[in-house]
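Q: Have a peek at work_0.pdb (PDB, C-alpha atoms and all ligand atoms).
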ATOM      1  CA  MET I   1     -73.003 204.279 318.607  1.00  0.00           C
ATOM      2  CA  GLU I   2     -73.943 207.301 316.531  1.00  0.00           C
ATOM      3  CA  GLY I   3     -71.656 208.108 313.603  1.00  0.00           C
ATOM      4  CA  LEU I   4     -69.976 204.666 313.687  1.00  0.00           C
ATOM      5  CA  ALA I   5     -69.762 202.694 310.442  1.00  0.00           C
ATOM      6  CA  ILE I   6     -68.128 199.299 309.906  1.00  0.00           C
ATOM      7  CA  ARG I   7     -66.933 198.495 306.398  1.00  0.00           C
ATOM      8  CA  LYS I   8     -64.376 196.454 304.517  1.00  0.00           C
ATOM      9  CA  ALA I   9     -60.984 198.152 304.098  1.00  0.00           C
ATOM     10  CA  ILE I  10     -59.703 199.498 300.792  1.00  0.00           C
ATOM     11  CA  VAL I  11     -56.079 199.842 299.711  1.00  0.00           C
ATOM     12  CA  SER I  12     -55.903 203.530 300.674  1.00  0.00           C
ATOM     13  CA  ASP I  13     -56.600 202.568 304.318  1.00  0.00           C
ATOM     14  CA  THR I  14     -53.175 200.886 304.465  1.00  0.00           C
ATOM     15  CA  ASP I  15     -51.310 203.682 306.320  1.00  0.00           C
ATOM     16  CA  ARG I  16     -53.940 203.935 309.028  1.00  0.00           C
ATOM     17  CA  ILE I  17     -54.190 200.120 309.349  1.00  0.00           C
ATOM     18  CA  ALA I  18     -50.397 200.018 309.792  1.00  0.00           C
ATOM     19  CA  GLU I  19     -50.634 202.690 312.498  1.00  0.00           C
ATOM     20  CA  LEU I  20     -53.377 200.863 314.404  1.00  0.00           C
ATOM     21  CA  PHE I  21     -51.897 197.378 313.952  1.00  0.00           C
ATOM     22  CA  GLY I  22     -48.230 198.110 314.519  1.00  0.00           C
ATOM     23  CA  GLY I  23     -47.926 201.584 315.980  1.00  0.00           C
ATOM     24  CA  ASP I  24     -48.481 200.669 319.631  1.00  0.00           C
ATOM     25  CA  PRO I  25     -47.075 197.172 320.208  1.00  0.00           C
ATOM     26  CA  GLY I  26     -47.859 195.342 323.436  1.00  0.00           C
ATOM     27  CA  GLU I  27     -45.442 193.416 325.648  1.00  0.00           C
ATOM     28  CA  GLU I  28     -45.749 190.296 323.531  1.00  0.00           C
ATOM     29  CA  ALA I  29     -44.787 191.906 320.213  1.00  0.00           C
ATOM     30  CA  SER I  30     -41.976 193.956 321.788  1.00  0.00           C
ATOM     31  CA  GLY I  31     -40.650 190.918 323.681  1.00  0.00           C
ATOM     32  CA  ILE I  32     -40.594 188.705 320.595  1.00  0.00           C
ATOM     33  CA  ALA I  33     -39.168 191.402 318.286  1.00  0.00           C
ATOM     34  CA  GLY I  34     -36.515 192.277 320.875  1.00  0.00           C
ATOM     35  CA  SER I  35     -37.518 195.941 321.294  1.00  0.00           C
ATOM     36  CA  ARG I  36     -40.499 198.243 320.904  1.00  0.00           C
ATOM     37  CA  ASP I  37     -38.928 200.010 317.889  1.00  0.00           C
ATOM     38  CA  LYS I  38     -38.313 196.742 316.052  1.00  0.00           C
ATOM     39  CA  ALA I  39     -41.879 195.610 316.818  1.00  0.00           C
ATOM     40  CA  ILE I  40     -43.200 198.859 315.299  1.00  0.00           C
ATOM     41  CA  ALA I  41     -40.987 198.561 312.197  1.00  0.00           C
ATOM     42  CA  PHE I  42     -41.873 194.918 311.593  1.00  0.00           C
ATOM     43  CA  GLY I  43     -45.582 195.232 312.459  1.00  0.00           C
ATOM     44  CA  THR I  44     -46.179 198.238 310.224  1.00  0.00           C
ATOM     45  CA  GLY I  45     -44.061 196.610 307.482  1.00  0.00           C
ATOM     46  CA  MET I  46     -46.199 193.450 307.597  1.00  0.00           C
ATOM     47  CA  VAL I  47     -49.352 195.475 306.913  1.00  0.00           C
ATOM     48  CA  ARG I  48     -47.683 196.911 303.799  1.00  0.00           C
ATOM     49  CA  LEU I  49     -46.848 193.478 302.297  1.00  0.00           C
ATOM     50  CA  PRO I  50     -49.357 193.355 299.411  1.00  0.00           C
ATOM     51  CA  ASP I  51     -50.497 189.745 299.924  1.00  0.00           C
ATOM     52  CA  GLY I  52     -49.682 189.352 303.598  1.00  0.00           C
ATOM     53  CA  PRO I  53     -52.230 188.172 306.168  1.00  0.00           C
ATOM     54  CA  GLN I  54     -52.244 191.671 307.702  1.00  0.00           C
ATOM     55  CA  SER I  55     -52.954 193.490 304.445  1.00  0.00           C
ATOM     56  CA  TRP I  56     -56.062 195.614 303.846  1.00  0.00           C
ATOM     57  CA  ARG I  57     -57.605 192.657 302.008  1.00  0.00           C
ATOM     58  CA  HIS I  58     -58.230 190.861 305.315  1.00  0.00           C
ATOM     59  CA  THR I  59     -59.212 193.938 307.291  1.00  0.00           C
ATOM     60  CA  VAL I  60     -62.513 195.428 308.421  1.00  0.00           C
ATOM     61  CA  ILE I  61     -62.560 199.099 309.429  1.00  0.00           C
ATOM     62  CA  ALA I  62     -64.486 200.962 312.126  1.00  0.00           C
ATOM     63  CA  GLU I  63     -64.988 204.564 311.045  1.00  0.00           C
ATOM     64  CA  LEU I  64     -66.306 207.227 313.393  1.00  0.00           C
ATOM     65  CA  ASP I  65     -67.444 210.415 311.698  1.00  0.00           C
ATOM     66  CA  GLY I  66     -65.083 209.646 308.796  1.00  0.00           C
ATOM     67  CA  ARG I  67     -62.000 208.825 310.934  1.00  0.00           C
ATOM     68  CA  VAL I  68     -60.686 205.245 311.001  1.00  0.00           C
ATOM     69  CA  VAL I  69     -60.647 204.358 314.712  1.00  0.00           C
ATOM     70  CA  GLY I  70     -60.515 200.554 314.732  1.00  0.00           C
ATOM     71  CA  ILE I  71     -59.568 197.492 312.712  1.00  0.00           C
ATOM     72  CA  LEU I  72     -60.328 193.782 312.747  1.00  0.00           C
ATOM     73  CA  MET I  73     -58.423 191.220 310.697  1.00  0.00           C
ATOM     74  CA  ALA I  74     -60.030 187.903 309.801  1.00  0.00           C
ATOM     75  CA  GLY I  75     -59.722 185.220 307.201  1.00  0.00           C
ATOM     76  CA  GLY I  76     -55.993 185.758 306.573  1.00  0.00           C
ATOM     77  CA  ASP I  77     -54.962 182.479 308.138  1.00  0.00           C
ATOM     78  CA  ARG I  78     -51.534 182.576 309.806  1.00  0.00           C
ATOM     79  CA  LYS I  79     -50.784 179.213 308.206  1.00  0.00           C
ATOM     80  CA  ASP I  80     -50.859 181.042 304.873  1.00  0.00           C
ATOM     81  CA  VAL I  81     -47.886 183.316 305.669  1.00  0.00           C
ATOM     82  CA  ARG I  82     -45.645 182.770 302.654  1.00  0.00           C
ATOM     83  CA  VAL I  83     -41.958 183.540 302.855  1.00  0.00           C
ATOM     84  CA  THR I  84     -41.771 185.959 299.934  1.00  0.00           C
ATOM     85  CA  PRO I  85     -38.692 188.012 298.929  1.00  0.00           C
ATOM     86  CA  ARG I  86     -40.412 191.123 300.330  1.00  0.00           C
ATOM     87  CA  LEU I  87     -40.935 189.445 303.709  1.00  0.00           C
ATOM     88  CA  VAL I  88     -37.270 188.364 303.812  1.00  0.00           C
ATOM     89  CA  TYR I  89     -36.207 191.911 302.903  1.00  0.00           C
ATOM     90  CA  LEU I  90     -38.411 193.359 305.674  1.00  0.00           C
ATOM     91  CA  ALA I  91     -36.987 190.914 308.246  1.00  0.00           C
ATOM     92  CA  LEU I  92     -33.382 191.645 307.184  1.00  0.00           C
ATOM     93  CA  ALA I  93     -33.933 195.408 307.177  1.00  0.00           C
ATOM     94  CA  THR I  94     -35.540 195.280 310.642  1.00  0.00           C
ATOM     95  CA  PHE I  95     -33.393 192.747 312.473  1.00  0.00           C
ATOM     96  CA  GLY I  96     -30.162 192.326 310.464  1.00  0.00           C
ATOM     97  CA  PRO I  97     -28.724 188.865 309.665  1.00  0.00           C
ATOM     98  CA  LEU I  98     -27.663 188.039 313.247  1.00  0.00           C
ATOM     99  CA  GLY I  99     -30.813 189.554 314.696  1.00  0.00           C
ATOM    100  CA  ILE I 100     -32.872 187.170 312.558  1.00  0.00           C
ATOM    101  CA  LEU I 101     -31.223 184.180 314.267  1.00  0.00           C
ATOM    102  CA  ARG I 102     -32.145 185.581 317.684  1.00  0.00           C
ATOM    103  CA  LEU I 103     -35.640 186.347 316.404  1.00  0.00           C
ATOM    104  CA  LEU I 104     -36.100 182.752 315.209  1.00  0.00           C
ATOM    105  CA  THR I 105     -35.382 181.460 318.740  1.00  0.00           C
ATOM    106  CA  ARG I 106     -37.990 183.836 320.166  1.00  0.00           C
ATOM    107  CA  LEU I 107     -40.470 182.955 317.415  1.00  0.00           C
ATOM    108  CA  ARG I 108     -40.139 179.265 318.304  1.00  0.00           C
ATOM    109  CA  ALA I 109     -41.207 180.164 321.860  1.00  0.00           C
ATOM    110  CA  ARG I 110     -44.139 182.133 320.401  1.00  0.00           C
ATOM    111  CA  VAL I 111     -45.144 179.129 318.279  1.00  0.00           C
ATOM    112  CA  ARG I 112     -45.101 176.905 321.405  1.00  0.00           C
ATOM    113  CA  VAL I 113     -47.817 179.032 323.058  1.00  0.00           C
ATOM    114  CA  GLN I 114     -49.987 179.218 319.928  1.00  0.00           C
ATOM    115  CA  PRO I 115     -52.989 176.911 320.464  1.00  0.00           C
ATOM    116  CA  LYS I 116     -54.105 174.968 317.384  1.00  0.00           C
ATOM    117  CA  ILE I 117     -56.887 176.821 315.609  1.00  0.00           C
ATOM    118  CA  PRO I 118     -59.865 174.503 315.018  1.00  0.00           C
ATOM    119  CA  ASN I 119     -60.296 173.328 311.434  1.00  0.00           C
ATOM    120  CA  GLY I 120     -63.070 175.129 309.606  1.00  0.00           C
ATOM    121  CA  ALA I 121     -63.332 178.014 312.085  1.00  0.00           C
ATOM    122  CA  PHE I 122     -63.695 181.649 311.010  1.00  0.00           C
ATOM    123  CA  HIS I 123     -60.540 182.915 312.720  1.00  0.00           C
ATOM    124  CA  LEU I 124     -60.187 186.444 314.052  1.00  0.00           C
ATOM    125  CA  ALA I 125     -56.494 187.270 313.805  1.00  0.00           C
ATOM    126  CA  GLU I 126     -56.396 190.793 315.224  1.00  0.00           C
ATOM    127  CA  ILE I 127     -58.510 193.571 316.673  1.00  0.00           C
ATOM    128  CA  ASP I 128     -57.247 197.036 317.555  1.00  0.00           C
ATOM    129  CA  VAL I 129     -59.026 200.226 318.547  1.00  0.00           C
ATOM    130  CA  ASP I 130     -57.301 203.606 318.704  1.00  0.00           C
ATOM    131  CA  PRO I 131     -56.477 204.175 322.435  1.00  0.00           C
ATOM    132  CA  ALA I 132     -58.334 207.505 322.342  1.00  0.00           C
ATOM    133  CA  TYR I 133     -61.568 205.736 321.353  1.00  0.00           C
ATOM    134  CA  ARG I 134     -61.535 202.629 323.571  1.00  0.00           C
ATOM    135  CA  ASN I 135     -64.297 201.531 325.975  1.00  0.00           C
ATOM    136  CA  GLN I 136     -67.055 203.013 323.834  1.00  0.00           C
ATOM    137  CA  GLY I 137     -68.223 199.765 322.219  1.00  0.00           C
ATOM    138  CA  ILE I 138     -66.192 199.972 318.991  1.00  0.00           C
ATOM    139  CA  GLY I 139     -64.405 196.652 319.674  1.00  0.00           C
ATOM    140  CA  GLY I 140     -67.793 195.034 320.331  1.00  0.00           C
ATOM    141  CA  ALA I 141     -69.203 196.470 317.087  1.00  0.00           C
ATOM    142  CA  LEU I 142     -66.250 195.062 315.104  1.00  0.00           C
ATOM    143  CA  LEU I 143     -66.797 191.632 316.683  1.00  0.00           C
ATOM    144  CA  GLY I 144     -70.505 191.820 315.821  1.00  0.00           C
ATOM    145  CA  TYR I 145     -69.711 192.631 312.181  1.00  0.00           C
ATOM    146  CA  ALA I 146     -67.238 189.725 311.945  1.00  0.00           C
ATOM    147  CA  GLU I 147     -69.764 187.361 313.483  1.00  0.00           C
ATOM    148  CA  ALA I 148     -72.429 188.388 310.951  1.00  0.00           C
ATOM    149  CA  GLU I 149     -69.887 187.890 308.149  1.00  0.00           C
ATOM    150  CA  ALA I 150     -69.012 184.410 309.468  1.00  0.00           C
ATOM    151  CA  ARG I 151     -72.700 183.431 309.768  1.00  0.00           C
ATOM    152  CA  ALA I 152     -73.482 184.689 306.257  1.00  0.00           C
ATOM    153  CA  ALA I 153     -70.610 182.599 304.878  1.00  0.00           C
ATOM    154  CA  GLY I 154     -71.961 179.489 306.632  1.00  0.00           C
ATOM    155  CA  TYR I 155     -69.341 179.097 309.369  1.00  0.00           C
ATOM    156  CA  ARG I 156     -70.374 177.239 312.554  1.00  0.00           C
ATOM    157  CA  LEU I 157     -67.482 178.404 314.734  1.00  0.00           C
ATOM    158  CA  ILE I 158     -65.482 181.598 315.313  1.00  0.00           C
ATOM    159  CA  SER I 159     -62.082 181.430 316.995  1.00  0.00           C
ATOM    160  CA  LEU I 160     -59.414 183.783 318.274  1.00  0.00           C
ATOM    161  CA  THR I 161     -56.342 183.606 320.470  1.00  0.00           C
ATOM    162  CA  THR I 162     -55.343 186.116 323.096  1.00  0.00           C
ATOM    163  CA  SER I 163     -52.526 186.356 325.610  1.00  0.00           C
ATOM    164  CA  THR I 164     -53.266 185.220 329.164  1.00  0.00           C
ATOM    165  CA  ALA I 165     -52.472 188.787 330.302  1.00  0.00           C
ATOM    166  CA  ASN I 166     -54.835 190.618 327.947  1.00  0.00           C
ATOM    167  CA  PRO I 167     -57.901 192.257 329.550  1.00  0.00           C
ATOM    168  CA  ALA I 168     -59.562 191.951 326.098  1.00  0.00           C
ATOM    169  CA  ARG I 169     -60.590 188.471 327.278  1.00  0.00           C
ATOM    170  CA  ARG I 170     -63.501 190.084 329.161  1.00  0.00           C
ATOM    171  CA  LEU I 171     -64.728 191.692 325.944  1.00  0.00           C
ATOM    172  CA  TYR I 172     -64.647 188.298 324.211  1.00  0.00           C
ATOM    173  CA  GLU I 173     -66.434 186.555 327.090  1.00  0.00           C
ATOM    174  CA  ARG I 174     -69.097 189.228 327.106  1.00  0.00           C
ATOM    175  CA  ASN I 175     -69.610 188.502 323.388  1.00  0.00           C
ATOM    176  CA  GLY I 176     -70.074 184.774 323.911  1.00  0.00           C
ATOM    177  CA  PHE I 177     -66.541 183.391 323.494  1.00  0.00           C
ATOM    178  CA  ARG I 178     -65.143 180.880 325.989  1.00  0.00           C
ATOM    179  CA  ILE I 179     -61.642 179.588 326.631  1.00  0.00           C
ATOM    180  CA  VAL I 180     -61.140 176.066 325.298  1.00  0.00           C
ATOM    181  CA  ALA I 181     -57.334 175.713 325.506  1.00  0.00           C
ATOM    182  CA  THR I 182     -54.390 177.467 327.132  1.00  0.00           C
ATOM    183  CA  LYS I 183     -50.695 177.030 326.331  1.00  0.00           C
ATOM    184  CA  THR I 184     -47.801 178.331 328.419  1.00  0.00           C
ATOM    185  CA  ASP I 185     -44.037 178.232 327.996  1.00  0.00           C
ATOM    186  CA  PRO I 186     -41.174 179.347 330.299  1.00  0.00           C
ATOM    187  CA  ALA I 187     -39.010 180.777 327.498  1.00  0.00           C
ATOM    188  CA  TYR I 188     -41.973 182.735 326.094  1.00  0.00           C
ATOM    189  CA  LYS I 189     -42.517 184.101 329.595  1.00  0.00           C
ATOM    190  CA  ARG I 190     -38.851 185.174 329.830  1.00  0.00           C
ATOM    191  CA  TYR I 191     -39.144 187.127 326.590  1.00  0.00           C
ATOM    192  CA  THR I 192     -42.572 188.660 327.158  1.00  0.00           C
ATOM    193  CA  ARG I 193     -43.344 188.404 330.914  1.00  0.00           C
ATOM    194  CA  ILE I 194     -46.646 186.758 329.872  1.00  0.00           C
ATOM    195  CA  ASP I 195     -47.550 183.149 330.793  1.00  0.00           C
ATOM    196  CA  GLY I 196     -49.020 182.135 327.455  1.00  0.00           C
ATOM    197  CA  ARG I 197     -52.071 182.264 325.210  1.00  0.00           C
ATOM    198  CA  HIS I 198     -55.704 181.194 325.326  1.00  0.00           C
ATOM    199  CA  LEU I 199     -57.747 179.801 322.435  1.00  0.00           C
ATOM    200  CA  MET I 200     -61.297 181.161 322.640  1.00  0.00           C
ATOM    201  CA  VAL I 201     -64.220 179.995 320.501  1.00  0.00           C
ATOM    202  CA  LYS I 202     -67.849 180.853 319.933  1.00  0.00           C
ATOM    203  CA  GLU I 203     -70.277 178.392 318.389  1.00  0.00           C
ATOM    204  CA  LEU I 204     -72.708 179.939 315.923  1.00  0.00           C
ATOM    205  CA  GLY I 205     -76.014 178.164 316.563  1.00  0.00           C
TER
HETATM  206  C1  LIG E   1     -59.358 195.017 322.881  1.00  0.00           C
HETATM  207  C2  LIG E   1     -59.843 196.324 322.227  1.00  0.00           C
HETATM  208  C3  LIG E   1     -59.873 196.133 320.716  1.00  0.00           C
HETATM  209  C4  LIG E   1     -61.253 196.604 322.716  1.00  0.00           C
HETATM  210  O1  LIG E   1     -61.769 197.747 322.014  1.00  0.00           O
HETATM  211  P1  LIG E   1     -62.874 198.707 322.663  1.00  0.00           P
HETATM  212  O2  LIG E   1     -63.422 199.544 321.584  1.00  0.00           O
HETATM  213  O3  LIG E   1     -62.316 199.357 323.863  1.00  0.00           O
HETATM  214  O4  LIG E   1     -63.956 197.598 323.102  1.00  0.00           O
HETATM  215  P2  LIG E   1     -65.368 197.839 323.768  1.00  0.00           P
HETATM  216  O5  LIG E   1     -65.541 199.277 324.134  1.00  0.00           O
HETATM  217  O6  LIG E   1     -66.393 197.201 322.898  1.00  0.00           O
HETATM  218  O7  LIG E   1     -65.203 196.964 325.070  1.00  0.00           O
HETATM  219  C5  LIG E   1     -64.311 197.354 326.095  1.00  0.00           C
HETATM  220  C6  LIG E   1     -63.710 196.111 326.712  1.00  0.00           C
HETATM  221  O8  LIG E   1     -62.358 195.941 326.317  1.00  0.00           O
HETATM  222  C7  LIG E   1     -61.631 195.272 327.381  1.00  0.00           C
HETATM  223  N1  LIG E   1     -60.500 196.123 327.775  1.00  0.00           N
HETATM  224  C8  LIG E   1     -60.448 197.128 328.675  1.00  0.00           C
HETATM  225  N2  LIG E   1     -59.224 197.647 328.754  1.00  0.00           N
HETATM  226  C9  LIG E   1     -58.479 196.975 327.884  1.00  0.00           C
HETATM  227  C10 LIG E   1     -57.119 197.043 327.493  1.00  0.00           C
HETATM  228  N3  LIG E   1     -56.258 197.911 328.012  1.00  0.00           N
HETATM  229  N4  LIG E   1     -56.687 196.177 326.563  1.00  0.00           N
HETATM  230  C11 LIG E   1     -57.518 195.275 326.030  1.00  0.00           C
HETATM  231  N5  LIG E   1     -58.825 195.184 326.352  1.00  0.00           N
HETATM  232  C12 LIG E   1     -59.293 196.028 327.271  1.00  0.00           C
HETATM  233  C13 LIG E   1     -62.597 195.104 328.500  1.00  0.00           C
HETATM  234  O9  LIG E   1     -63.160 193.814 328.364  1.00  0.00           O
HETATM  235  C14 LIG E   1     -63.622 196.178 328.221  1.00  0.00           C
HETATM  236  O10 LIG E   1     -64.865 195.887 328.707  1.00  0.00           O
HETATM  237  P3  LIG E   1     -65.165 195.686 330.280  1.00  0.00           P
HETATM  238  O11 LIG E   1     -64.189 196.525 331.024  1.00  0.00           O
HETATM  239  O12 LIG E   1     -66.575 196.127 330.374  1.00  0.00           O
HETATM  240  O13 LIG E   1     -65.002 194.226 330.508  1.00  0.00           O
HETATM  241  C15 LIG E   1     -58.941 197.536 322.609  1.00  0.00           C
HETATM  242  O14 LIG E   1     -58.856 197.608 324.034  1.00  0.00           O
HETATM  243  C16 LIG E   1     -57.538 197.451 322.042  1.00  0.00           C
HETATM  244  O15 LIG E   1     -57.286 197.843 320.905  1.00  0.00           O
HETATM  245  N6  LIG E   1     -56.574 196.937 322.836  1.00  0.00           N
HETATM  246  C17 LIG E   1     -55.180 196.839 322.424  1.00  0.00           C
HETATM  247  C18 LIG E   1     -54.979 195.780 321.376  1.00  0.00           C
HETATM  248  C19 LIG E   1     -55.407 194.416 321.853  1.00  0.00           C
HETATM  249  O16 LIG E   1     -55.090 193.982 322.953  1.00  0.00           O
HETATM  250  N7  LIG E   1     -56.135 193.695 320.981  1.00  0.00           N
HETATM  251  C20 LIG E   1     -56.632 192.350 321.273  1.00  0.00           C
HETATM  252  C21 LIG E   1     -55.628 191.335 320.886  1.00  0.00           C
HETATM  253  S1  LIG E   1     -56.238 189.678 321.220  1.00  0.00           S
END
In structure tokens, what does this structure look like?
A:
Amino acid sequence: MEGLAIRKAIVSDTDRIAELFGGDPGEEASGIAGSRDKAIAFGTGMVRLPDGPQSWRHTVIAELDGRVVGILMAGGDRKDVRVTPRLVYLALATFGPLGILRLLTRLRARVRVQPKIPNGAFHLAEIDVDPAYRNQGIGGALLGYAEAEARAAGYRLISLTTSTANPARRLYERNGFRIVATKTDPAYKRYTRIDGRHLMVKELG
């Protein structure tokens, strides 16, 4: 695509990353957070945590004629989320003390549908393209960049998880990923109206 450049993010991209990552939450994020507004507040707040897995450090940017139109997050393993004072402050400010208890119940349901990520895989944690720029190949270009990065670093496997309701699955299949595990949970479905999540992998030959 002409005018499209993919590059690693820098700290000054943070506001735009927050907008693309948290500004338009789907049914899953809104269902787990309890409302769309809380999902926006928490999602954008997570991007601003300096060492969080959603920070600019783990983000690749798609830039079209100088405008940031897409992001991909990789390498910031979810297992590495550390409960720092800033994260606790963000959770308290967003949900309040009682809200956090309700959130923990919903998060347990979310954890139950999270397939185990294979050891040693280059894991893609998130991909978002500005709604105004979708279906033009930007998502595919971000995946291609991540794959090249994984190959160059010697990885043999790329992984990602996606909800069973997400049409993005077709994009992943088109790019060589296949479903290797699916987890569902009735409580998760009550909160989100989604059955569960797929683990998809691509072997790098
Ligand atoms: C998934 C996403 C990043 C794809 O970006 P894109 O630039 O449109 O991707 P491309 O143009 O390279 O490919 C388009 C493909 O996206 C998928 N897609 C179409 N509509 C979609 C939607 N509403 N949501 C998710 N994926 C969609 C389809 O597979 C489509 O190709 P196909 O119709 O030919 O099968 C973008 O739709 C998005 O940001 N969605 C919302 C966030 C999201 O769901 N992220 C994935 C979390 S696992």
Q: Work out where the centre of an axis-aligned box around every listed atom of ligand LIG 1 (chain E) lies and how long its edges are once 6 Å is added on each side; give both in Å to one decimal as AutoDock Vina command-line options.
A:
--center_x -60.8 --center_y 194.6 --center_z 325.9 --size_x 23.6 --size_y 21.9 --size_z 22.3
Q: So, counting all atoms listed in the file, which residue among I:Arg170, I:Arg178, I:Pro50, I:Phe42 is closest to I:Asn135?
A: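 Looking only at the distances to I:Asn135, the closest residue turns out to be I:Arg170.
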Q: Residues picked by the PyMOL selection byres (((chain I and resi 113) around 7) and not hetatm) here, as a list in words?
A: Ala109, Arg110, Val111, Arg112, Gln114, Pro115, Lys183, Thr184, Asp185, Gly196 and Arg197 of chain I
Q: If the PyMOL selection byres (((chain I and resi 52-60) around 8) and not hetatm) is run on the structure shown, which residues does it catch, given as a list of chain:residue names?
A: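 On this input, the PyMOL selection byres (((chain I and resi 52-60) around 8) and not hetatm) captures I:Ile6, I:Arg7, I:Lys8, I:Ala9, I:Ile10, I:Val11, I:Asp13, I:Thr14, I:Ile17, I:Met46, I:Val47, I:Arg48, I:Leu49, I:Pro50, I:Asp51, I:Ile61, I:Ala62, I:Ile71, I:Leu72, I:Met73, I:Ala74, I:Gly75, I:Gly76, I:Asp77, I:Arg78, I:Asp80, I:Val81, I:Arg82, I:Leu142.
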Q: Could you tell me which residues the PyMOL selection byres (((not hetatm)) within 6 of (chain E and resi 1)) returns for this structure, as a short mmCIF file (atom, residue, chain, number, x, y, z; two decimals) with C-alpha atoms, keeping the file's coordinate frame?
A:
data_model
loop_
_atom_site.label_atom_id
_atom_site.label_comp_id
_atom_site.auth_asym_id
_atom_site.auth_seq_id
_atom_site.Cartn_x
_atom_site.Cartn_y
_atom_site.Cartn_z
CA GLU I 126 -56.40 190.79 315.22
CA ILE I 127 -58.51 193.57 316.67
CA ASP I 128 -57.25 197.04 317.56
CA VAL I 129 -59.03 200.23 318.55
CA ARG I 134 -61.54 202.63 323.57
CA ASN I 135 -64.30 201.53 325.98
CA GLN I 136 -67.06 203.01 323.83
CA GLY I 137 -68.22 199.76 322.22
CA ILE I 138 -66.19 199.97 318.99
CA GLY I 139 -64.40 196.65 319.67
CA GLY I 140 -67.79 195.03 320.33
CA THR I 162 -55.34 186.12 323.10
CA ASN I 166 -54.84 190.62 327.95
CA PRO I 167 -57.90 192.26 329.55
CA ALA I 168 -59.56 191.95 326.10
CA ARG I 170 -63.50 190.08 329.16
CA LEU I 171 -64.73 191.69 325.94
#
Q: Between atom CA of I:Ile117 and atom CA of I:Gly45, measure the distance and give it in Å to one decimal.
A: 24.9 Å
Q: Some atoms are absent from stretch 61-72 of chain I, so rebuild N, CA and C atoms and return them as a tab-separated table (two decimals), keeping the file's coordinate frame.
A:
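Here's the written file out-v1.tsv:
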chain	number	residue	atom	x	y	z
I	61	ILE	N	-62.86	197.78	308.86
I	61	ILE	CA	-62.56	199.10	309.43
I	61	ILE	C	-63.74	199.61	310.24
I	62	ALA	N	-63.45	200.21	311.40
I	62	ALA	CA	-64.49	200.96	312.13
I	62	ALA	C	-64.18	202.44	311.91
I	63	GLU	N	-65.18	203.15	311.40
I	63	GLU	CA	-64.99	204.56	311.04
I	63	GLU	C	-65.97	205.40	311.86
I	64	LEU	N	-65.44	206.37	312.58
I	64	LEU	CA	-66.31	207.23	313.39
I	64	LEU	C	-66.24	208.64	312.82
I	65	ASP	N	-67.37	209.10	312.33
I	65	ASP	CA	-67.44	210.42	311.70
I	65	ASP	C	-66.30	210.60	310.69
I	66	GLY	N	-66.07	209.55	309.88
I	66	GLY	CA	-65.08	209.65	308.80
I	66	GLY	C	-63.66	209.33	309.21
I	67	ARG	N	-63.37	209.15	310.50
I	67	ARG	CA	-62.00	208.82	310.93
I	67	ARG	C	-61.91	207.33	311.25
I	68	VAL	N	-60.87	206.67	310.73
I	68	VAL	CA	-60.69	205.24	311.00
I	68	VAL	C	-60.18	205.09	312.44
I	69	VAL	N	-60.99	204.44	313.28
I	69	VAL	CA	-60.65	204.36	314.71
I	69	VAL	C	-60.44	202.92	315.19
I	70	GLY	N	-60.70	201.94	314.30
I	70	GLY	CA	-60.52	200.55	314.73
I	70	GLY	C	-60.39	199.63	313.54
I	71	ILE	N	-59.73	198.49	313.78
I	71	ILE	CA	-59.57	197.49	312.71
I	71	ILE	C	-59.80	196.10	313.27
I	72	LEU	N	-60.24	195.20	312.40
I	72	LEU	CA	-60.33	193.78	312.75
I	72	LEU	C	-59.82	193.01	311.54
